[in-house]
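Novice: You'll find target_34.cif just under this line, and it carries mmCIF, C-alpha atoms and all ligand atoms.
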```
data_work
#
loop_
_atom_site.group_PDB
_atom_site.id
_atom_site.type_symbol
_atom_site.label_atom_id
_atom_site.label_comp_id
_atom_site.auth_asym_id
_atom_site.auth_seq_id
_atom_site.Cartn_x
_atom_site.Cartn_y
_atom_site.Cartn_z
ATOM 1 C CA MET E 1 29.304 -22.751 -0.717
ATOM 2 C CA ARG E 2 25.820 -23.518 -2.030
ATOM 3 C CA GLN E 3 25.204 -22.216 -5.515
ATOM 4 C CA LYS E 4 22.537 -19.520 -5.806
ATOM 5 C CA THR E 5 19.243 -20.506 -7.404
ATOM 6 C CA SER E 6 18.099 -18.417 -10.364
ATOM 7 C CA ALA E 7 15.500 -16.638 -8.140
ATOM 8 C CA GLU E 8 18.218 -15.672 -5.633
ATOM 9 C CA ASP E 9 20.514 -14.624 -8.453
ATOM 10 C CA LEU E 10 17.794 -12.444 -9.990
ATOM 11 C CA ALA E 11 17.145 -10.760 -6.610
ATOM 12 C CA LEU E 12 20.861 -10.034 -6.284
ATOM 13 C CA ARG E 13 21.042 -8.578 -9.793
ATOM 14 C CA LEU E 14 18.028 -6.373 -9.032
ATOM 15 C CA ALA E 15 19.670 -5.200 -5.830
ATOM 16 C CA GLU E 16 22.726 -4.285 -7.899
ATOM 17 C CA HIS E 17 20.535 -2.409 -10.438
ATOM 18 C CA ASP E 18 21.272 -4.734 -13.350
ATOM 19 C CA PRO E 19 19.189 -3.042 -16.090
ATOM 20 C CA GLU E 20 17.973 -6.327 -17.591
ATOM 21 C CA ALA E 21 16.917 -7.920 -14.328
ATOM 22 C CA ALA E 22 13.749 -5.804 -13.902
ATOM 23 C CA GLY E 23 12.552 -6.902 -17.352
ATOM 24 C CA GLU E 24 13.166 -10.543 -16.467
ATOM 25 C CA LEU E 25 11.219 -10.224 -13.213
ATOM 26 C CA TYR E 26 8.390 -8.532 -15.119
ATOM 27 C CA ASP E 27 8.259 -11.258 -17.771
ATOM 28 C CA GLN E 28 8.195 -13.910 -15.080
ATOM 29 C CA TYR E 29 5.447 -12.478 -12.867
ATOM 30 C CA ALA E 30 3.455 -9.781 -14.685
ATOM 31 C CA PRO E 31 1.107 -12.160 -16.600
ATOM 32 C CA SER E 32 0.024 -14.064 -13.479
ATOM 33 C CA LEU E 33 -0.155 -10.864 -11.411
ATOM 34 C CA LEU E 34 -2.300 -9.153 -14.046
ATOM 35 C CA GLY E 35 -4.500 -12.264 -14.180
ATOM 36 C CA MET E 36 -4.961 -12.143 -10.411
ATOM 37 C CA LEU E 37 -5.642 -8.388 -10.424
ATOM 38 C CA LEU E 38 -8.213 -8.725 -13.205
ATOM 39 C CA GLN E 39 -9.893 -11.650 -11.479
ATOM 40 C CA THR E 40 -10.181 -9.435 -8.396
ATOM 41 C CA LEU E 41 -11.074 -6.064 -9.904
ATOM 42 C CA GLY E 42 -12.566 -6.890 -13.308
ATOM 43 C CA ASP E 43 -11.214 -3.566 -14.601
ATOM 44 C CA ARG E 44 -8.131 -3.647 -16.818
ATOM 45 C CA ASP E 45 -7.077 -0.007 -16.306
ATOM 46 C CA ALA E 46 -7.243 -0.332 -12.526
ATOM 47 C CA ALA E 47 -5.422 -3.682 -12.661
ATOM 48 C CA GLU E 48 -2.592 -2.292 -14.831
ATOM 49 C CA GLU E 49 -2.228 0.753 -12.620
ATOM 50 C CA ILE E 50 -1.779 -1.447 -9.536
ATOM 51 C CA LEU E 51 0.566 -3.753 -11.460
ATOM 52 C CA ASP E 52 2.919 -0.835 -12.245
ATOM 53 C CA ASP E 53 2.798 0.554 -8.707
ATOM 54 C CA VAL E 54 3.517 -2.820 -7.171
ATOM 55 C CA PHE E 55 6.576 -3.420 -9.373
ATOM 56 C CA ILE E 56 7.945 0.024 -8.546
ATOM 57 C CA ARG E 57 7.372 -0.460 -4.838
ATOM 58 C CA VAL E 58 8.838 -3.972 -4.594
ATOM 59 C CA LEU E 59 11.810 -3.180 -6.829
ATOM 60 C CA GLY E 60 12.507 -0.223 -4.566
ATOM 61 C CA GLU E 61 13.024 -2.780 -1.801
ATOM 62 C CA ALA E 62 15.035 -5.219 -3.944
ATOM 63 C CA ARG E 63 18.139 -4.797 -1.838
ATOM 64 C CA SER E 64 16.270 -5.779 1.355
ATOM 65 C CA PHE E 65 14.627 -8.747 -0.390
ATOM 66 C CA SER E 66 18.018 -9.955 -1.560
ATOM 67 C CA ARG E 67 19.653 -9.450 1.836
ATOM 68 C CA GLU E 68 16.866 -11.370 3.632
ATOM 69 C CA GLY E 69 16.660 -14.009 0.875
ATOM 70 C CA CYS E 70 12.904 -13.356 0.532
ATOM 71 C CA SER E 71 10.894 -14.256 -2.546
ATOM 72 C CA LEU E 72 10.183 -11.260 -4.770
ATOM 73 C CA GLY E 73 7.363 -13.238 -6.390
ATOM 74 C CA VAL E 74 5.488 -13.683 -3.119
ATOM 75 C CA GLY E 75 6.217 -10.057 -2.198
ATOM 76 C CA LEU E 76 4.677 -8.920 -5.491
ATOM 77 C CA PHE E 77 1.595 -11.104 -5.054
ATOM 78 C CA MET E 78 0.985 -10.112 -1.430
ATOM 79 C CA LEU E 79 1.245 -6.405 -2.176
ATOM 80 C CA ALA E 80 -0.800 -6.611 -5.399
ATOM 81 C CA ARG E 81 -3.581 -8.511 -3.643
ATOM 82 C CA ALA E 82 -3.584 -6.108 -0.695
ATOM 83 C CA ARG E 83 -3.870 -3.095 -3.035
ATOM 84 C CA ALA E 84 -6.578 -4.695 -5.164
ATOM 85 C CA VAL E 85 -8.638 -5.750 -2.146
ATOM 86 C CA GLU E 86 -8.292 -2.296 -0.617
ATOM 87 C CA ARG E 87 -9.596 -0.733 -3.822
ATOM 88 C CA LEU E 88 -12.396 -3.250 -4.329
ATOM 89 C CA ARG E 89 -13.658 -2.908 -0.756
ATOM 90 C CA ALA E 90 -13.649 0.890 -1.049
ATOM 91 C CA GLU E 91 -15.629 0.667 -4.319
ATOM 92 C CA GLN E 92 -18.161 -1.625 -2.652
ATOM 93 C CA SER E 93 -18.390 0.604 0.442
ATOM 94 C CA LEU E 94 -17.115 -2.202 2.661
ATOM 95 C CA PRO E 95 -15.056 -1.184 5.705
ATOM 96 C CA ALA E 96 -11.289 -1.083 5.157
ATOM 97 C CA LEU E 97 -9.349 -4.016 6.609
ATOM 98 C CA PRO E 98 -6.487 -3.224 8.985
ATOM 99 C CA GLY E 99 -3.891 -4.370 6.405
ATOM 100 C CA TYR E 100 -1.771 -7.352 7.392
ATOM 101 C CA TYR E 101 0.718 -6.867 4.655
ATOM 102 C CA SER E 102 3.378 -4.202 4.658
ATOM 103 C CA THR E 103 6.417 -4.846 2.483
ATOM 104 C CA ARG E 104 8.995 -3.971 5.081
ATOM 105 C CA LYS E 105 7.514 -5.840 8.048
ATOM 106 C CA ALA E 106 6.681 -8.852 5.905
ATOM 107 C CA LEU E 107 10.357 -9.387 5.124
ATOM 108 C CA ALA E 108 10.489 -11.136 8.516
ATOM 109 C CA TRP E 109 8.085 -13.842 7.340
ATOM 110 C CA LEU E 110 8.060 -13.962 3.541
ATOM 111 C CA PRO E 111 9.155 -17.366 2.202
ATOM 112 C CA ARG E 112 12.655 -17.846 0.845
ATOM 113 C CA ALA E 113 13.243 -17.252 -2.855
ATOM 114 C CA ALA E 114 14.573 -20.790 -3.361
ATOM 115 C CA GLU E 115 11.483 -22.390 -1.747
ATOM 116 C CA VAL E 116 9.130 -20.428 -3.966
ATOM 117 C CA GLU E 117 11.143 -21.220 -7.065
ATOM 118 C CA GLN E 118 10.385 -24.881 -6.369
ATOM 119 C CA LEU E 119 6.693 -24.058 -5.840
ATOM 120 C CA ASP E 120 6.658 -22.220 -9.173
ATOM 121 C CA GLU E 121 8.154 -25.258 -10.886
ATOM 122 C CA ARG E 122 5.321 -27.390 -9.498
ATOM 123 C CA GLN E 123 2.475 -24.952 -10.201
ATOM 124 C CA ASP E 124 0.567 -27.438 -12.373
ATOM 125 C CA LEU E 125 0.665 -30.153 -9.738
ATOM 126 C CA LEU E 126 -0.266 -27.711 -6.979
ATOM 127 C CA ARG E 127 -3.166 -26.334 -9.029
ATOM 128 C CA LYS E 128 -4.523 -29.883 -9.212
ATOM 129 C CA VAL E 129 -4.257 -30.061 -5.422
ATOM 130 C CA VAL E 130 -6.375 -26.897 -5.054
ATOM 131 C CA ASN E 131 -8.896 -28.334 -7.509
ATOM 132 C CA GLN E 132 -9.275 -31.413 -5.302
ATOM 133 C CA LEU E 133 -10.986 -29.271 -2.655
ATOM 134 C CA PRO E 134 -14.790 -29.622 -2.444
ATOM 135 C CA LYS E 135 -16.483 -26.970 -4.601
ATOM 136 C CA LYS E 136 -18.077 -25.201 -1.650
ATOM 137 C CA GLN E 137 -14.689 -24.806 0.066
ATOM 138 C CA ARG E 138 -13.126 -23.550 -3.158
ATOM 139 C CA ASP E 139 -15.923 -20.995 -3.555
ATOM 140 C CA MET E 140 -15.335 -19.773 -0.004
ATOM 141 C CA LEU E 141 -11.603 -19.467 -0.588
ATOM 142 C CA ASP E 142 -12.117 -17.663 -3.906
ATOM 143 C CA LEU E 143 -14.315 -15.083 -2.175
ATOM 144 C CA ALA E 144 -11.662 -14.670 0.520
ATOM 145 C CA VAL E 145 -8.655 -14.538 -1.817
ATOM 146 C CA PHE E 146 -9.975 -12.707 -4.885
ATOM 147 C CA LYS E 147 -12.786 -10.617 -3.397
ATOM 148 C CA GLY E 148 -11.153 -9.839 -0.049
ATOM 149 C CA LEU E 149 -14.268 -10.792 1.917
ATOM 150 C CA THR E 150 -14.196 -11.668 5.605
ATOM 151 C CA GLU E 151 -15.696 -14.815 7.106
ATOM 152 C CA GLU E 152 -18.936 -12.993 8.030
ATOM 153 C CA GLU E 153 -19.230 -11.375 4.587
ATOM 154 C CA ILE E 154 -18.717 -14.731 2.857
ATOM 155 C CA ALA E 155 -21.339 -16.292 5.117
ATOM 156 C CA ALA E 156 -23.828 -13.541 4.204
ATOM 157 C CA LYS E 157 -23.082 -13.920 0.496
ATOM 158 C CA LEU E 158 -23.467 -17.704 0.511
ATOM 159 C CA GLY E 159 -26.397 -17.735 2.956
ATOM 160 C CA GLU E 160 -24.483 -20.001 5.341
ATOM 161 C CA PRO E 161 -23.888 -19.666 9.081
ATOM 162 C CA SER E 162 -20.609 -17.903 9.780
ATOM 163 C CA ALA E 163 -19.321 -20.796 11.916
ATOM 164 C CA ARG E 164 -19.814 -23.214 9.006
ATOM 165 C CA VAL E 165 -17.868 -20.937 6.671
ATOM 166 C CA GLY E 166 -15.044 -20.632 9.203
ATOM 167 C CA ALA E 167 -14.946 -24.408 9.688
ATOM 168 C CA GLY E 168 -15.038 -25.002 5.916
ATOM 169 C CA MET E 169 -12.151 -22.667 5.218
ATOM 170 C CA MET E 170 -10.083 -24.090 8.036
ATOM 171 C CA ALA E 171 -10.679 -27.602 6.708
ATOM 172 C CA ALA E 172 -9.593 -26.422 3.244
ATOM 173 C CA MET E 173 -6.424 -24.852 4.626
ATOM 174 C CA ARG E 174 -5.651 -28.000 6.650
ATOM 175 C CA PHE E 175 -5.883 -30.051 3.455
ATOM 176 C CA LEU E 176 -3.684 -27.625 1.493
ATOM 177 C CA ARG E 177 -1.124 -27.395 4.300
ATOM 178 C CA HIS E 178 -0.915 -31.169 4.431
ATOM 179 C CA ARG E 179 -0.529 -31.514 0.654
ATOM 180 C CA LEU E 180 1.982 -28.715 0.448
ATOM 181 C CA ALA E 181 4.065 -30.368 3.166
ATOM 182 C CA ALA E 182 3.927 -33.614 1.183
ATOM 183 C CA VAL E 183 5.205 -31.839 -1.923
ATOM 184 C CA THR E 184 7.893 -30.111 0.127
ATOM 185 C CA GLY E 185 8.843 -33.511 1.531
ATOM 186 C CA THR E 186 9.306 -34.764 -2.017
ATOM 187 C CA TRP E 187 11.738 -31.959 -2.672
ATOM 188 C CA THR E 188 13.763 -32.864 0.405
ATOM 189 C CA ALA E 189 13.820 -36.472 -0.752
ATOM 190 C CA ASN E 190 14.928 -35.350 -4.221
ATOM 191 C CA ILE E 191 17.697 -33.224 -2.774
ATOM 192 C CA MET O 1 6.060 -19.052 23.690
ATOM 193 C CA ASP O 2 3.499 -21.780 23.073
ATOM 194 C CA CYS O 3 1.610 -20.701 19.973
ATOM 195 C CA GLN O 4 0.512 -24.067 18.611
ATOM 196 C CA HIS O 5 -3.117 -23.174 19.285
ATOM 197 C CA LEU O 6 -2.751 -20.614 16.474
ATOM 198 C CA ASP O 7 -1.706 -23.205 13.864
ATOM 199 C CA GLU O 8 -5.095 -23.222 12.125
ATOM 200 C CA TYR O 9 -5.216 -19.464 11.690
ATOM 201 C CA TYR O 10 -2.086 -18.168 9.984
ATOM 202 C CA GLU O 11 -3.255 -18.361 6.347
ATOM 203 C CA LEU O 12 -6.655 -16.837 7.114
ATOM 204 C CA CYS O 13 -4.945 -14.080 9.105
ATOM 205 C CA ILE O 14 -2.688 -13.199 6.153
ATOM 206 C CA LEU O 15 -5.775 -13.071 3.940
ATOM 207 C CA GLU O 16 -7.594 -11.010 6.612
ATOM 208 C CA THR O 17 -10.557 -13.345 6.289
ATOM 209 C CA LEU O 18 -10.694 -13.741 10.052
ATOM 210 C CA THR O 19 -11.070 -10.617 12.112
ATOM 211 C CA GLY O 20 -11.284 -12.165 15.580
ATOM 212 C CA GLU O 21 -8.983 -12.568 18.530
ATOM 213 C CA ALA O 22 -6.655 -15.207 17.033
ATOM 214 C CA CYS O 23 -5.408 -12.842 14.324
ATOM 215 C CA ALA O 24 -4.979 -10.031 16.843
ATOM 216 C CA ILE O 25 -2.727 -12.381 18.847
ATOM 217 C CA VAL O 26 -0.774 -13.365 15.710
ATOM 218 C CA ARG O 27 -0.315 -9.681 14.869
ATOM 219 C CA GLU O 28 0.969 -9.004 18.372
ATOM 220 C CA HIS O 29 3.385 -11.956 18.192
ATOM 221 C CA LEU O 30 4.578 -10.699 14.838
ATOM 222 C CA ALA O 31 5.334 -7.297 16.326
ATOM 223 C CA ASN O 32 7.348 -9.085 19.038
ATOM 224 C CA ARG O 33 9.082 -11.237 16.423
ATOM 225 C CA CYS O 34 7.864 -14.506 17.954
ATOM 226 C CA PRO O 35 10.008 -17.162 16.187
ATOM 227 C CA TYR O 36 7.233 -19.767 16.127
ATOM 228 C CA CYS O 37 4.686 -17.410 14.562
ATOM 229 C CA LEU O 38 7.225 -16.079 12.043
ATOM 230 C CA ALA O 39 8.081 -19.624 10.925
ATOM 231 C CA ARG O 40 4.407 -20.625 10.627
ATOM 232 C CA LEU O 41 3.560 -17.424 8.754
ATOM 233 C CA ARG O 42 6.364 -18.167 6.308
ATOM 234 C CA GLU O 43 4.769 -21.558 5.579
ATOM 235 C CA ALA O 44 1.305 -20.025 5.451
ATOM 236 C CA ALA O 45 2.466 -17.399 2.942
ATOM 237 C CA ARG O 46 3.406 -20.188 0.524
ATOM 238 C CA ALA O 47 -0.145 -21.559 0.690
ATOM 239 C CA VAL O 48 -1.579 -18.065 0.214
ATOM 240 C CA TYR O 49 0.720 -17.485 -2.774
ATOM 241 C CA LEU O 50 -0.554 -20.719 -4.277
ATOM 242 C CA LEU O 51 -4.184 -19.675 -3.726
ATOM 243 C CA CYS O 52 -3.538 -16.263 -5.314
ATOM 244 C CA GLN O 53 -2.605 -17.827 -8.653
ATOM 245 C CA PRO O 54 -5.291 -16.737 -11.125
ATOM 246 C CA ALA O 55 -7.544 -18.975 -13.201
ATOM 247 C CA ARG O 56 -5.840 -17.513 -16.291
ATOM 248 C CA THR O 57 -2.769 -15.387 -16.901
ATOM 249 C CA VAL O 58 -3.078 -12.142 -18.882
ATOM 250 C CA ARG O 59 -0.201 -10.750 -20.918
ATOM 251 C CA PRO O 60 0.306 -7.025 -20.277
ATOM 252 C CA ASP O 61 0.615 -4.621 -23.192
ATOM 253 C CA PRO O 62 4.346 -4.583 -24.173
ATOM 254 C CA LYS O 63 4.197 -0.763 -24.357
ATOM 255 C CA ARG O 64 3.321 -0.676 -20.661
ATOM 256 C CA LYS O 65 6.327 -2.834 -19.854
ATOM 257 C CA ALA O 66 8.635 -0.487 -21.774
ATOM 258 C CA GLN O 67 7.133 2.543 -19.995
ATOM 259 C CA LEU O 68 7.540 0.919 -16.612
ATOM 260 C CA LEU O 69 11.167 -0.031 -17.270
ATOM 261 C CA ARG O 70 11.903 3.561 -18.328
ATOM 262 C CA ARG O 71 10.297 4.825 -15.100
ATOM 263 C CA LEU O 72 12.401 2.400 -13.098
ATOM 264 C CA GLN O 73 15.610 3.467 -14.829
ATOM 265 C CA ARG O 74 14.941 7.106 -13.998
ATOM 266 C CA LYS O 75 14.692 6.245 -10.293
HETATM 267 ZN ZN ZN J 1 3.775 -16.687 18.530
#
```
Would you kindly transcribe this structure into structure tokens?

Specialist:
Amino acid sequence: MRQKTSAEDLALRLAEHDPEAAGELYDQYAPSLLGMLLQTLGDRDAAEEILDDVFIRVLGEARSFSREGCSLGVGLFMLARARAVERLRAEQSLPALPGYYSTRKALAWLPRAAEVEQLDERQDLLRKVVNQLPKKQRDMLDLAVFKGLTEEEIAAKLGEPSARVGAGMMAAMRFLRHRLAAVTGTWTANI
Amino acid sequence: MDCQHLDEYYELCILETLTGEACAIVREHLANRCPYCLARLREAARAVYLLCQPARTVRPDPKRKAQLLRRLQRK
């Protein structure tokens, strides 16, 4: 039988209510989650409040994450971003988005814990990949990811036609998809 | 189901950047557990996770961590 990776092992320990496992998960993800929340909201109190809620919510589903082999890290990020964007849009009187992410339904498509563990190990390399994108495309993606803006809202903000913004973001995603597949291919070759 | 025409959209649907028909179709396929769309969304979620990484990490106040762990233990 294949040996469990440390991410899978941590998910299992959380599912079994190992008292130290929650602290380990927190140490691993809270600094990057809080960074993302602050980058989105710019308000430390609001960011910390969401951080706590998201940990409580995702840990409440730890058993399902472990059973499905899903990455807790991605689950935490998806939920934290969704909550932050919801709050930010409400503050800015922008219409609420329908909400793609719901913890339970997303278990059907969240990446595997082992896959994401390998992504985490290659964060520095992957960050360089993102930085290779043209500045305009990176700006568009930042507005989409960290400000929760739609294609039309980004277009209005940047003073660009909506179709150009859509095409720019799709080109950026095509590049990232391609590079990510190349990195994943390297893993397969290594294994 | 042939869903290859949706290949360009999955990441931007997860981010809710696109609000048009393509994402409505993806949502519908998701509800019907379309295997192709689920597999592509799983790949797309990795790219979105990568994009969500912040410019800088911020260490939370250790007191908050202790409080949170106590709350979790009471549950
Ligand atoms: Zn489909």

Novice: Could you give me the residues within 7 Å of ligand ZN 1 (chain J), counting all atoms listed in the file, as an MDAnalysis selection string?

Specialist: chainID O and resid 1:3 26 29 34:37

Novice: Please list as a PyMOL selection string every residue within 12 Å of Arg174 of chain E, counting all atoms listed in the file and excluding residues in the same chain fewer than 2 positions away.

Specialist: (chain E and resi 130+133+137+167-172+176-181) or (chain O and resi 7-12+44+47)

Novice: Store the residues of this selection in a file with C-alpha atoms, as a PDB file, in the coordinates of the input.

Specialist:
```pdb
ATOM      1  CA  VAL E 130      -6.375 -26.897  -5.054  1.00  0.00           C
ATOM      2  CA  LEU E 133     -10.986 -29.271  -2.655  1.00  0.00           C
ATOM      3  CA  GLN E 137     -14.689 -24.806   0.066  1.00  0.00           C
ATOM      4  CA  ALA E 167     -14.946 -24.408   9.688  1.00  0.00           C
ATOM      5  CA  GLY E 168     -15.038 -25.002   5.916  1.00  0.00           C
ATOM      6  CA  MET E 169     -12.151 -22.667   5.218  1.00  0.00           C
ATOM      7  CA  MET E 170     -10.083 -24.090   8.036  1.00  0.00           C
ATOM      8  CA  ALA E 171     -10.679 -27.602   6.708  1.00  0.00           C
ATOM      9  CA  ALA E 172      -9.593 -26.422   3.244  1.00  0.00           C
ATOM     10  CA  LEU E 176      -3.684 -27.625   1.493  1.00  0.00           C
ATOM     11  CA  ARG E 177      -1.124 -27.395   4.300  1.00  0.00           C
ATOM     12  CA  HIS E 178      -0.915 -31.169   4.431  1.00  0.00           C
ATOM     13  CA  ARG E 179      -0.529 -31.514   0.654  1.00  0.00           C
ATOM     14  CA  LEU E 180       1.982 -28.715   0.448  1.00  0.00           C
ATOM     15  CA  ALA E 181       4.065 -30.368   3.166  1.00  0.00           C
TER      16      ALA E 181
ATOM     17  CA  ASP O   7      -1.706 -23.205  13.864  1.00  0.00           C
ATOM     18  CA  GLU O   8      -5.095 -23.222  12.125  1.00  0.00           C
ATOM     19  CA  TYR O   9      -5.216 -19.464  11.690  1.00  0.00           C
ATOM     20  CA  TYR O  10      -2.086 -18.168   9.984  1.00  0.00           C
ATOM     21  CA  GLU O  11      -3.255 -18.361   6.347  1.00  0.00           C
ATOM     22  CA  LEU O  12      -6.655 -16.837   7.114  1.00  0.00           C
ATOM     23  CA  ALA O  44       1.305 -20.025   5.451  1.00  0.00           C
ATOM     24  CA  ALA O  47      -0.145 -21.559   0.690  1.00  0.00           C
TER      25      ALA O  47
END
```

Novice: Find the residue from E:Leu41, E:Met36, E:Ala182, E:Ala155 that sits nearest to chain O; use only C-alpha atoms when measuring.

Specialist: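 Of E:Leu41, E:Met36, E:Ala182, E:Ala155, the one nearest chain O, counting only C-alpha atoms, is E:Met36.
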
Novice: Pull the closest atom pair for each residue of chain O that gets at most 9 Å from chain E, along with the distance in Å to one decimal, counting all atoms listed in the file, ordering rows by chain and then ascending residue number, as a Markdown table.

Specialist:
```
| residue | atom | partner | partner_atom | distance |
| --- | --- | --- | --- | --- |
| O:Glu8 | CA | E:Met170 | CA | 6.5 |
| O:Tyr9 | CA | E:Met170 | CA | 7.6 |
| O:Glu11 | CA | E:Met173 | CA | 7.4 |
| O:Leu12 | CA | E:Met170 | CA | 8.1 |
| O:Cys13 | CA | E:Tyr100 | CA | 7.6 |
| O:Ile14 | CA | E:Tyr100 | CA | 6.0 |
| O:Leu15 | CA | E:Val145 | CA | 6.6 |
| O:Glu16 | CA | E:Thr150 | CA | 6.7 |
| O:Thr17 | CA | E:Thr150 | CA | 4.1 |
| O:Leu18 | CA | E:Glu151 | CA | 5.9 |
| O:Thr19 | CA | E:Thr150 | CA | 7.3 |
| O:Arg27 | CA | E:Tyr100 | CA | 8.0 |
| O:Leu30 | CA | E:Ala108 | CA | 8.7 |
| O:Ala31 | CA | E:Lys105 | CA | 8.7 |
| O:Arg33 | CA | E:Ala108 | CA | 8.0 |
| O:Cys37 | CA | E:Trp109 | CA | 8.7 |
| O:Leu38 | CA | E:Trp109 | CA | 5.3 |
| O:Ala39 | CA | E:Trp109 | CA | 6.8 |
| O:Arg40 | CA | E:Trp109 | CA | 8.4 |
| O:Leu41 | CA | E:Trp109 | CA | 5.9 |
| O:Arg42 | CA | E:Trp109 | CA | 4.8 |
| O:Glu43 | CA | E:Pro111 | CA | 6.9 |
| O:Ala44 | CA | E:Arg177 | CA | 7.8 |
| O:Ala45 | CA | E:Leu110 | CA | 6.6 |
| O:Arg46 | CA | E:Pro111 | CA | 6.6 |
| O:Ala47 | CA | E:Arg177 | CA | 6.9 |
| O:Val48 | CA | E:Val145 | CA | 8.2 |
| O:Tyr49 | CA | E:Val74 | CA | 6.1 |
| O:Leu50 | CA | E:Leu126 | CA | 7.5 |
| O:Leu51 | CA | E:Val145 | CA | 7.1 |
| O:Cys52 | CA | E:Val145 | CA | 6.4 |
| O:Gln53 | CA | E:Met36 | CA | 6.4 |
| O:Pro54 | CA | E:Met36 | CA | 4.7 |
| O:Ala55 | CA | E:Gly35 | CA | 7.4 |
| O:Arg56 | CA | E:Gly35 | CA | 5.8 |
| O:Thr57 | CA | E:Gly35 | CA | 4.5 |
| O:Val58 | CA | E:Pro31 | CA | 4.8 |
| O:Arg59 | CA | E:Pro31 | CA | 4.7 |
| O:Pro60 | CA | E:Pro31 | CA | 6.4 |
| O:Arg64 | CA | E:Asp52 | CA | 8.4 |
| O:Lys65 | CA | E:Tyr26 | CA | 7.7 |
| O:Ala66 | CA | E:Gly23 | CA | 8.7 |
| O:Leu68 | CA | E:Asp52 | CA | 6.6 |
| O:Leu69 | CA | E:Gly23 | CA | 7.0 |
| O:Arg71 | CA | E:Ile56 | CA | 8.5 |
| O:Leu72 | CA | E:Ile56 | CA | 6.8 |
| O:Gln73 | CA | E:Pro19 | CA | 7.5 |
| O:Lys75 | CA | E:Gly60 | CA | 8.9 |
```

Novice: Which value, in Å to one decimal, gives the distance between atom CA of Arg57 of chain E and atom CA of Leu14 of chain E?

Specialist: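 Going from atom CA of Arg57 of chain E over to atom CA of Leu14 of chain E covers 12.9 Å.
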